[in-house]
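Q: mmCIF, C-alpha atoms (C1' of nucleotides), file upload_30.cif:
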data_entry
#
loop_
_atom_site.label_atom_id
_atom_site.label_comp_id
_atom_site.auth_asym_id
_atom_site.auth_seq_id
_atom_site.Cartn_x
_atom_site.Cartn_y
_atom_site.Cartn_z
CA MET A 189 19.02 -11.56 -8.21
CA ALA A 190 21.72 -10.11 -10.42
CA ALA A 191 22.37 -6.42 -9.85
CA GLY A 192 22.45 -5.87 -13.58
CA SER A 193 19.00 -7.26 -14.29
CA ALA A 194 16.15 -5.04 -15.38
CA PRO A 195 14.59 -2.80 -12.69
CA GLU A 196 11.22 -4.45 -13.16
CA ALA A 197 12.75 -7.85 -12.53
CA ARG A 198 14.27 -6.55 -9.32
CA GLY A 199 10.87 -5.30 -8.21
CA LEU A 200 11.75 -1.65 -8.68
CA MET A 201 9.39 1.11 -9.78
CA ASP A 202 10.46 4.07 -11.85
CA GLU A 203 10.74 7.38 -10.04
CA GLN A 204 7.94 9.22 -11.79
CA THR A 205 5.42 6.45 -11.26
CA PHE A 206 6.20 6.53 -7.57
CA LEU A 207 5.92 10.31 -7.26
CA ASP A 208 2.73 10.40 -9.34
CA ASN A 209 0.97 7.69 -7.41
CA PHE A 210 2.09 7.95 -3.80
CA ASN A 211 1.69 11.72 -3.51
CA ASN A 212 -0.78 12.07 -0.64
CA LEU A 213 -2.34 15.28 -1.95
CA ILE A 214 -3.76 14.02 -5.21
CA TYR A 215 -6.37 11.45 -6.23
CA PRO A 216 -5.06 9.09 -8.91
CA HIS A 217 -7.45 6.61 -10.47
CA LYS A 218 -5.19 3.66 -9.89
CA THR A 219 -3.41 1.93 -7.05
CA TYR A 220 0.10 0.60 -6.58
CA LEU A 221 1.18 -1.76 -3.83
CA PHE A 222 4.70 -2.47 -2.60
CA TYR A 223 5.28 -5.55 -0.48
CA GLU A 224 8.17 -7.08 1.41
CA THR A 225 8.44 -10.18 3.53
CA GLU A 226 10.53 -11.07 6.56
CA ARG A 227 10.90 -14.34 8.45
CA MET A 228 11.40 -14.60 12.17
CA GLN A 229 14.68 -16.27 13.01
CA ASP A 230 16.29 -16.21 16.45
CA ASP A 231 13.99 -13.36 17.48
CA LEU A 232 15.06 -11.29 14.50
CA TRP A 233 13.21 -10.43 11.31
CA ILE A 234 15.22 -11.63 8.33
CA PRO A 235 14.31 -10.09 4.95
CA LEU A 236 13.30 -12.52 2.22
CA ASP A 237 14.23 -10.71 -0.96
CA GLU A 238 12.47 -13.23 -3.17
CA TYR A 239 9.15 -12.08 -1.72
CA LYS A 240 9.57 -8.38 -2.35
CA GLY A 241 8.18 -6.26 -5.14
CA PHE A 242 5.21 -4.27 -6.30
CA LEU A 243 2.06 -4.56 -8.34
CA GLN A 244 -0.78 -2.46 -9.66
CA ASN A 245 -4.52 -2.91 -9.85
CA LYS A 246 -5.86 -4.13 -13.17
CA GLY A 247 -8.24 -1.90 -15.07
CA ALA A 248 -11.00 -2.59 -17.52
CA ASP A 249 -8.64 -1.74 -20.36
CA MET A 250 -7.62 -4.45 -22.78
CA GLY A 251 -10.77 -6.32 -21.86
CA LEU A 252 -9.29 -7.53 -18.60
CA GLU A 253 -11.34 -8.07 -15.51
CA ARG A 254 -11.08 -5.18 -13.11
CA ARG A 255 -9.29 -6.11 -9.94
CA HIS A 256 -8.11 -4.11 -6.98
CA ALA A 257 -4.49 -4.41 -5.97
CA GLU A 258 -5.20 -6.43 -2.82
CA PRO A 259 -6.71 -9.58 -4.37
CA ILE A 260 -3.83 -9.63 -6.82
CA PHE A 261 -1.46 -9.43 -3.89
CA LEU A 262 -3.29 -12.17 -1.96
CA GLU A 263 -3.08 -14.41 -4.99
CA ARG A 264 0.63 -13.75 -5.31
CA MET A 265 1.15 -14.46 -1.62
CA ALA A 266 -0.75 -17.75 -1.86
CA SER A 267 1.63 -18.86 -4.59
CA TRP A 268 4.57 -18.54 -2.21
CA ASN A 269 3.32 -21.37 -0.01
CA LEU A 270 4.86 -19.88 3.11
CA ASP A 271 5.78 -22.49 5.70
CA THR A 272 3.03 -22.59 8.31
CA GLU A 273 5.57 -23.69 10.91
CA LEU A 274 7.46 -20.41 10.55
CA ARG A 275 6.61 -16.85 11.45
CA TYR A 276 6.43 -14.17 8.79
CA ARG A 277 5.92 -10.43 8.72
CA ILE A 278 4.65 -8.89 5.52
CA THR A 279 4.75 -5.14 5.09
CA VAL A 280 2.64 -3.47 2.46
CA PHE A 281 2.85 0.11 1.26
CA ILE A 282 -0.25 0.92 -0.76
CA SER A 283 -1.19 4.15 -2.47
CA TRP A 284 -4.90 3.86 -1.56
CA SER A 285 -6.08 2.19 1.64
CA PRO A 286 -8.13 -1.01 1.15
CA CYS A 287 -11.80 -0.66 0.22
CA PRO A 288 -14.34 -2.54 2.39
CA ASP A 289 -14.38 -5.64 0.20
CA CYS A 290 -10.60 -5.83 0.01
CA ALA A 291 -10.36 -5.31 3.76
CA ASP A 292 -12.69 -8.27 4.23
CA GLU A 293 -10.51 -10.41 1.98
CA LEU A 294 -7.41 -9.44 3.91
CA VAL A 295 -9.15 -10.21 7.19
CA LYS A 296 -10.10 -13.63 5.90
CA PHE A 297 -6.51 -14.26 4.89
CA LEU A 298 -5.23 -13.26 8.33
CA ARG A 299 -7.71 -15.57 10.04
CA GLU A 300 -6.54 -18.46 7.89
CA ASN A 301 -2.86 -17.63 8.13
CA ARG A 302 -1.97 -17.08 11.74
CA HIS A 303 1.71 -17.47 10.95
CA VAL A 304 1.65 -14.21 9.02
CA ASN A 305 1.75 -10.73 10.52
CA LEU A 306 0.59 -7.96 8.26
CA ARG A 307 1.51 -4.30 8.35
CA ILE A 308 -0.27 -1.92 6.00
CA PHE A 309 0.93 1.61 5.35
CA ALA A 310 -1.35 3.64 3.08
CA ALA A 311 -0.47 6.90 1.35
CA ARG A 312 -4.13 8.02 1.30
CA ILE A 313 -7.46 6.97 2.76
CA TYR A 314 -9.81 5.51 0.18
CA ASP A 315 -13.10 6.80 1.50
CA TYR A 316 -15.08 6.63 -1.71
CA LEU A 317 -17.06 3.52 -0.80
CA GLN A 318 -19.50 3.17 2.06
CA GLY A 319 -18.16 1.18 4.96
CA TYR A 320 -14.51 1.99 4.45
CA GLU A 321 -14.13 2.87 8.13
CA ALA A 322 -15.50 -0.48 9.27
CA GLY A 323 -13.20 -2.22 6.83
CA LEU A 324 -10.16 -0.53 8.30
CA ARG A 325 -11.33 -1.32 11.82
CA ALA A 326 -11.84 -4.97 10.87
CA LEU A 327 -8.28 -5.12 9.61
CA LYS A 328 -7.00 -3.80 12.90
CA ALA A 329 -9.23 -6.19 14.84
CA ALA A 330 -7.80 -9.07 12.80
CA GLY A 331 -4.33 -8.15 14.00
CA ALA A 332 -3.08 -6.07 11.10
CA GLU A 333 -1.23 -2.88 11.79
CA VAL A 334 -2.80 -0.08 9.83
CA ALA A 335 -1.09 3.28 9.50
CA MET A 336 -0.65 6.15 7.12
CA MET A 337 2.60 6.60 5.28
CA THR A 338 4.68 9.43 6.68
CA PHE A 339 7.87 10.97 5.35
CA GLN A 340 9.69 7.99 6.85
CA GLU A 341 7.71 5.45 4.82
CA PHE A 342 7.79 7.49 1.62
CA GLU A 343 11.56 7.79 1.95
CA TYR A 344 11.85 4.10 2.77
CA CYS A 345 9.95 3.14 -0.36
CA TRP A 346 11.99 5.58 -2.43
CA LYS A 347 15.17 3.90 -1.22
CA ASN A 348 13.99 0.32 -1.33
CA PHE A 349 11.45 0.01 -4.15
CA VAL A 350 12.33 2.75 -6.65
CA ASP A 351 14.85 2.52 -9.46
CA HIS A 352 17.34 5.41 -9.40
CA GLN A 353 19.43 4.10 -12.29
CA GLN A 354 22.93 5.59 -12.11
CA ASP A 355 22.31 7.69 -9.03
CA GLU A 356 21.79 5.14 -6.29
CA ASP A 357 22.05 7.73 -3.54
CA LYS A 358 19.52 10.13 -5.02
CA PRO A 359 17.63 11.55 -2.02
CA PHE A 360 13.86 11.33 -1.76
CA PRO A 361 12.35 14.60 -3.03
CA PRO A 362 9.34 15.29 -0.79
CA TRP A 363 6.45 17.23 -2.28
CA ASP A 364 5.01 20.36 -0.70
CA ASN A 365 2.81 19.76 2.32
CA LEU A 366 3.70 16.07 2.53
CA ASP A 367 4.05 16.23 6.31
CA VAL A 368 0.98 18.36 6.88
CA ARG A 369 -1.19 16.05 4.80
CA SER A 370 0.28 12.93 6.34
CA GLU A 371 -0.44 14.27 9.80
CA GLU A 372 -4.03 15.12 8.84
CA LEU A 373 -4.60 11.67 7.45
CA SER A 374 -3.02 10.03 10.48
CA GLN A 375 -5.36 11.93 12.75
CA ARG A 376 -8.32 10.89 10.63
CA LEU A 377 -7.23 7.28 10.67
CA ALA A 378 -6.77 7.36 14.43
CA GLY A 379 -10.34 8.59 14.78
CA ILE A 380 -11.62 5.88 12.47
CA LEU A 381 -9.77 3.11 14.27
CA GLN A 382 -10.85 4.31 17.70
CA ASN A 383 -14.49 4.59 16.75
CA GLN A 384 -16.38 1.59 18.09
CA GLU A 385 -19.53 1.81 16.01
CA ASP A 386 -19.68 -0.35 12.93
"C1'" DA B 116 -13.05 22.11 6.48
"C1'" DT B 117 -11.31 21.19 1.99
"C1'" DT B 118 -11.84 15.62 -1.80
"C1'" DT B 119 -10.40 14.46 -8.07
"C1'" DT B 120 -11.08 8.19 -4.84
"C1'" DC B 121 -8.25 0.67 -7.58
"C1'" DA B 122 -12.22 5.53 -14.28
"C1'" DA B 123 -14.68 6.85 -17.84
"C1'" DT B 124 -15.57 10.45 -20.76
#
Rewrite the coordinates I just gave you, this time as structure tokens.

A:
Amino acid sequence: MAAGSAPEARGLMDEQTFLDNFNNLIYPHKTYLFYETERMQDDLWIPLDEYKGFLQNKGADMGLERRHAEPIFLERMASWNLDTELRYRITVFISWSPCPDCADELVKFLRENRHVNLRIFAARIYDYLQGYEAGLRALKAAGAEVAMMTFQEFEYCWKNFVDHQQDEDKPFPPWDNLDVRSEELSQRLAGILQNQED
DNA sequence: ATTTTCAAT
């Protein structure tokens, strides 16, 4: 894609939207999801830039049907018609971890698409709905990697999915207590994933 | 240990 095209067309998010929605200390009422795709070739993962970008959940505003970010992503992925003879790795960075229903949908996708590996990094744990722990465990059991975003992932997204306009080398500005919160959430997630009861 | 949770008021 041309370097001069609009940020949105290149799959880039503006800086403030990123900082406002991926901050792991606050509780926004919306979800953003970055995704990128790689294909296995000669034992190496080759990035496929045409399958890289981001999306947001759809709200009840404008009379639209409410949809979580994950079904929108699954629909977008289905439209790619990835070659079942090849091996793909899709990495998702999502501001809220999948709810139980979305986890189930992702699990179903993984069962039906064995040629796709899925890695999910979440900024925060969405624990509002009953059964969220079982949903996360089901994702892991289906072969997905599930982890919390740490400084490394926040910085990665900043560099790879955020539009910095003139200042391409603008460093990621971490918020206070990013690391402390990330560590807390990682410990919580580890406990959830290790727990056997469903 | 903590909570504001893919809104609605």

Q: Carefully work through the PyMOL selection byres ((chain B) within 9 of (chain A)) for this structure and note down the residues it includes, as a PyMOL selection string.

A: chain B and resi 118-122

Q: To one decimal place in Å, what is the distance between atom CA of Arg325 of chain A and atom CA of Tyr223 of chain A?

A: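 It comes out at 21.1 Å.
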
Q: For Phe297 of chain A, work out the shell of residues within 8 Å, counting only C-alpha atoms (C1' of nucleotides) and skipping chain neighbours fewer than 4 positions away, then give it as a PDB file with C-alpha atoms, in the frame of the given file.

A:
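Ended up saving to part-v1.pdb:
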ATOM      1  CA  LEU A 262      -3.290 -12.170  -1.960  1.00  0.00           C
ATOM      2  CA  GLU A 293     -10.510 -10.410   1.980  1.00  0.00           C
ATOM      3  CA  ASN A 301      -2.860 -17.630   8.130  1.00  0.00           C
TER       4      ASN A 301
END

Q: Write out as a PyMOL selection string which residues come within 7 Å of segment 200-204 of chain A when counting only C-alpha atoms (C1' of nucleotides), dropping same-chain ones fewer than 5 positions away.

A: chain A and resi 195+241+349-352

Q: At what distance in Å, to one decimal, does atom CA of Leu236 of chain A lie from atom CA of Gln354 of chain A?

A: 25.0 Å

Q: Can you work out the spacing between atom CA of Leu274 of chain A and atom CA of Tyr239 of chain A in Å, to one decimal?

A: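 Between atom CA of Leu274 of chain A and atom CA of Tyr239 of chain A the gap is 14.9 Å.
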
Q: What's around Asn305 of chain A at 7 Å? Count all atoms listed in the file, leave out sequence neighbours fewer than 5 positions away in its own chain, and write the answer as JSON, numbers by chain.

A: {"A": [276, 277, 278, 332]}

Q: Fewer than 4 positions away in the same chain doesn't count, so skip those; otherwise give me all residues within 12 Å of Thr225 of chain A, counting only C-alpha atoms (C1' of nucleotides), as a VMD selection string.

A: chain A and resid 233 to 242 265 268 270 275 to 281 304 to 307

Q: Could you tell me which of A:Asp357, A:Asp231, A:Leu207, A:Asp364 comes closest to Phe342 of chain A if we count all atoms listed in the file?

A: A:Leu207

Q: Quick one: of A:Leu294, A:Ala335, A:Trp346, A:Leu324, who's nearest to Ser370 of chain A, counting only C-alpha atoms?

A: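 Closest candidate: A:Ala335.
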
Q: Evaluate the PyMOL selection byres ((chain A and resi 382) around 12) and record the selected residues as a list in words, following the chain and residue labels used in the document.

A: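 Selection result, ordered by chain and number: Glu321, Ala322, Leu324, Arg325, Ala326, Lys328, Ala329, Gln375, Arg376, Leu377, Ala378, Gly379, Ile380, Leu381, Asn383, Gln384, Glu385 and Asp386 of chain A.
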
Q: Take the residues from that selection and write them out as a short mmCIF file (atom, residue, chain, number, x, y, z; two decimals), in the frame of the given file, keeping C-alpha atoms.

A:
data_model
loop_
_atom_site.label_atom_id
_atom_site.label_comp_id
_atom_site.auth_asym_id
_atom_site.auth_seq_id
_atom_site.Cartn_x
_atom_site.Cartn_y
_atom_site.Cartn_z
CA GLU A 321 -14.13 2.87 8.13
CA ALA A 322 -15.50 -0.48 9.27
CA LEU A 324 -10.16 -0.53 8.30
CA ARG A 325 -11.33 -1.32 11.82
CA ALA A 326 -11.84 -4.97 10.87
CA LYS A 328 -7.00 -3.80 12.90
CA ALA A 329 -9.23 -6.19 14.84
CA GLN A 375 -5.36 11.93 12.75
CA ARG A 376 -8.32 10.89 10.63
CA LEU A 377 -7.23 7.28 10.67
CA ALA A 378 -6.77 7.36 14.43
CA GLY A 379 -10.34 8.59 14.78
CA ILE A 380 -11.62 5.88 12.47
CA LEU A 381 -9.77 3.11 14.27
CA ASN A 383 -14.49 4.59 16.75
CA GLN A 384 -16.38 1.59 18.09
CA GLU A 385 -19.53 1.81 16.01
CA ASP A 386 -19.68 -0.35 12.93
#

Q: Choose the residue, out of A:Ala311, A:Ala266, A:Leu221, A:Cys290, that has the smallest atom-to-atom separation from Phe339 of chain A; count only C-alpha atoms.

A: A:Ala311

Q: Could chain B be written out with N, CA and C atoms (P, O5', C5', C4', C3', O3' and C1' of nucleotides), as a PDB file, in the first residue's frame, please?

A:
ATOM      1  P    DA B 116      -4.822  -9.803  48.363  1.00  0.00           P
ATOM      2  O5'  DA B 116      -6.123  -9.108  47.778  1.00  0.00           O
ATOM      3  C5'  DA B 116      -7.348  -9.466  48.379  1.00  0.00           C
ATOM      4  C4'  DA B 116      -8.261  -8.291  48.244  1.00  0.00           C
ATOM      5  C3'  DA B 116      -8.638  -8.003  46.791  1.00  0.00           C
ATOM      6  O3'  DA B 116     -10.021  -7.703  46.714  1.00  0.00           O
ATOM      7  C1'  DA B 116      -7.630  -6.098  47.770  1.00  0.00           C
ATOM      8  P    DT B 117     -10.685  -7.480  45.276  1.00  0.00           P
ATOM      9  O5'  DT B 117     -10.583  -5.900  45.077  1.00  0.00           O
ATOM     10  C5'  DT B 117     -11.096  -5.055  46.118  1.00  0.00           C
ATOM     11  C4'  DT B 117     -10.790  -3.617  45.784  1.00  0.00           C
ATOM     12  C3'  DT B 117     -11.214  -3.198  44.368  1.00  0.00           C
ATOM     13  O3'  DT B 117     -11.978  -2.017  44.476  1.00  0.00           O
ATOM     14  C1'  DT B 117      -9.057  -2.459  44.817  1.00  0.00           C
ATOM     15  P    DT B 118     -13.547  -2.132  44.453  1.00  0.00           P
ATOM     16  O5'  DT B 118     -13.848  -1.524  43.016  1.00  0.00           O
ATOM     17  C5'  DT B 118     -12.866  -0.684  42.398  1.00  0.00           C
ATOM     18  C4'  DT B 118     -13.072  -0.820  40.902  1.00  0.00           C
ATOM     19  C3'  DT B 118     -14.534  -1.015  40.532  1.00  0.00           C
ATOM     20  O3'  DT B 118     -15.060   0.229  40.125  1.00  0.00           O
ATOM     21  C1'  DT B 118     -13.112  -2.601  39.413  1.00  0.00           C
ATOM     22  P    DT B 119     -16.569   0.557  40.287  1.00  0.00           P
ATOM     23  O5'  DT B 119     -17.115   0.414  38.798  1.00  0.00           O
ATOM     24  C5'  DT B 119     -18.136   1.287  38.366  1.00  0.00           C
ATOM     25  C4'  DT B 119     -17.857   1.734  36.949  1.00  0.00           C
ATOM     26  C3'  DT B 119     -17.554   0.594  35.981  1.00  0.00           C
ATOM     27  O3'  DT B 119     -18.195   0.903  34.748  1.00  0.00           O
ATOM     28  C1'  DT B 119     -15.839   2.172  35.879  1.00  0.00           C
ATOM     29  P    DT B 120     -19.137  -0.265  34.171  1.00  0.00           P
ATOM     30  O5'  DT B 120     -18.115  -1.124  33.302  1.00  0.00           O
ATOM     31  C5'  DT B 120     -17.383  -0.542  32.228  1.00  0.00           C
ATOM     32  C4'  DT B 120     -16.878  -1.675  31.348  1.00  0.00           C
ATOM     33  C3'  DT B 120     -17.951  -2.682  30.945  1.00  0.00           C
ATOM     34  O3'  DT B 120     -17.677  -3.084  29.621  1.00  0.00           O
ATOM     35  C1'  DT B 120     -16.245  -3.798  32.082  1.00  0.00           C
ATOM     36  P    DC B 121     -18.795  -2.868  28.539  1.00  0.00           P
ATOM     37  O5'  DC B 121     -18.043  -2.097  27.364  1.00  0.00           O
ATOM     38  C5'  DC B 121     -17.211  -2.804  26.451  1.00  0.00           C
ATOM     39  C4'  DC B 121     -17.667  -2.570  25.053  1.00  0.00           C
ATOM     40  C3'  DC B 121     -19.114  -2.977  24.784  1.00  0.00           C
ATOM     41  O3'  DC B 121     -19.587  -2.227  23.649  1.00  0.00           O
ATOM     42  C1'  DC B 121     -17.619  -4.488  23.731  1.00  0.00           C
ATOM     43  P    DA B 122     -21.141  -2.015  23.479  1.00  0.00           P
ATOM     44  O5'  DA B 122     -21.695  -1.580  24.881  1.00  0.00           O
ATOM     45  C5'  DA B 122     -21.512  -0.447  25.575  1.00  0.00           C
ATOM     46  C4'  DA B 122     -22.758  -0.265  26.419  1.00  0.00           C
ATOM     47  C3'  DA B 122     -23.848   0.525  25.684  1.00  0.00           C
ATOM     48  O3'  DA B 122     -25.082  -0.015  26.111  1.00  0.00           O
ATOM     49  C1'  DA B 122     -23.177   1.677  27.656  1.00  0.00           C
ATOM     50  P    DA B 123     -26.449   0.420  25.431  1.00  0.00           P
ATOM     51  O5'  DA B 123     -27.007   1.386  26.564  1.00  0.00           O
ATOM     52  C5'  DA B 123     -27.224   0.860  27.865  1.00  0.00           C
ATOM     53  C4'  DA B 123     -27.538   1.989  28.821  1.00  0.00           C
ATOM     54  C3'  DA B 123     -28.673   2.910  28.367  1.00  0.00           C
ATOM     55  O3'  DA B 123     -29.547   3.106  29.457  1.00  0.00           O
ATOM     56  C1'  DA B 123     -26.740   4.164  28.891  1.00  0.00           C
ATOM     57  P    DT B 124     -30.850   3.968  29.371  1.00  0.00           P
ATOM     58  O5'  DT B 124     -30.514   5.127  30.404  1.00  0.00           O
ATOM     59  C5'  DT B 124     -29.752   4.801  31.564  1.00  0.00           C
ATOM     60  C4'  DT B 124     -29.192   6.059  32.192  1.00  0.00           C
ATOM     61  C3'  DT B 124     -30.158   7.223  32.281  1.00  0.00           C
ATOM     62  O3'  DT B 124     -30.123   7.720  33.598  1.00  0.00           O
ATOM     63  C1'  DT B 124     -28.110   7.934  31.390  1.00  0.00           C
TER      64       DT B 124
END
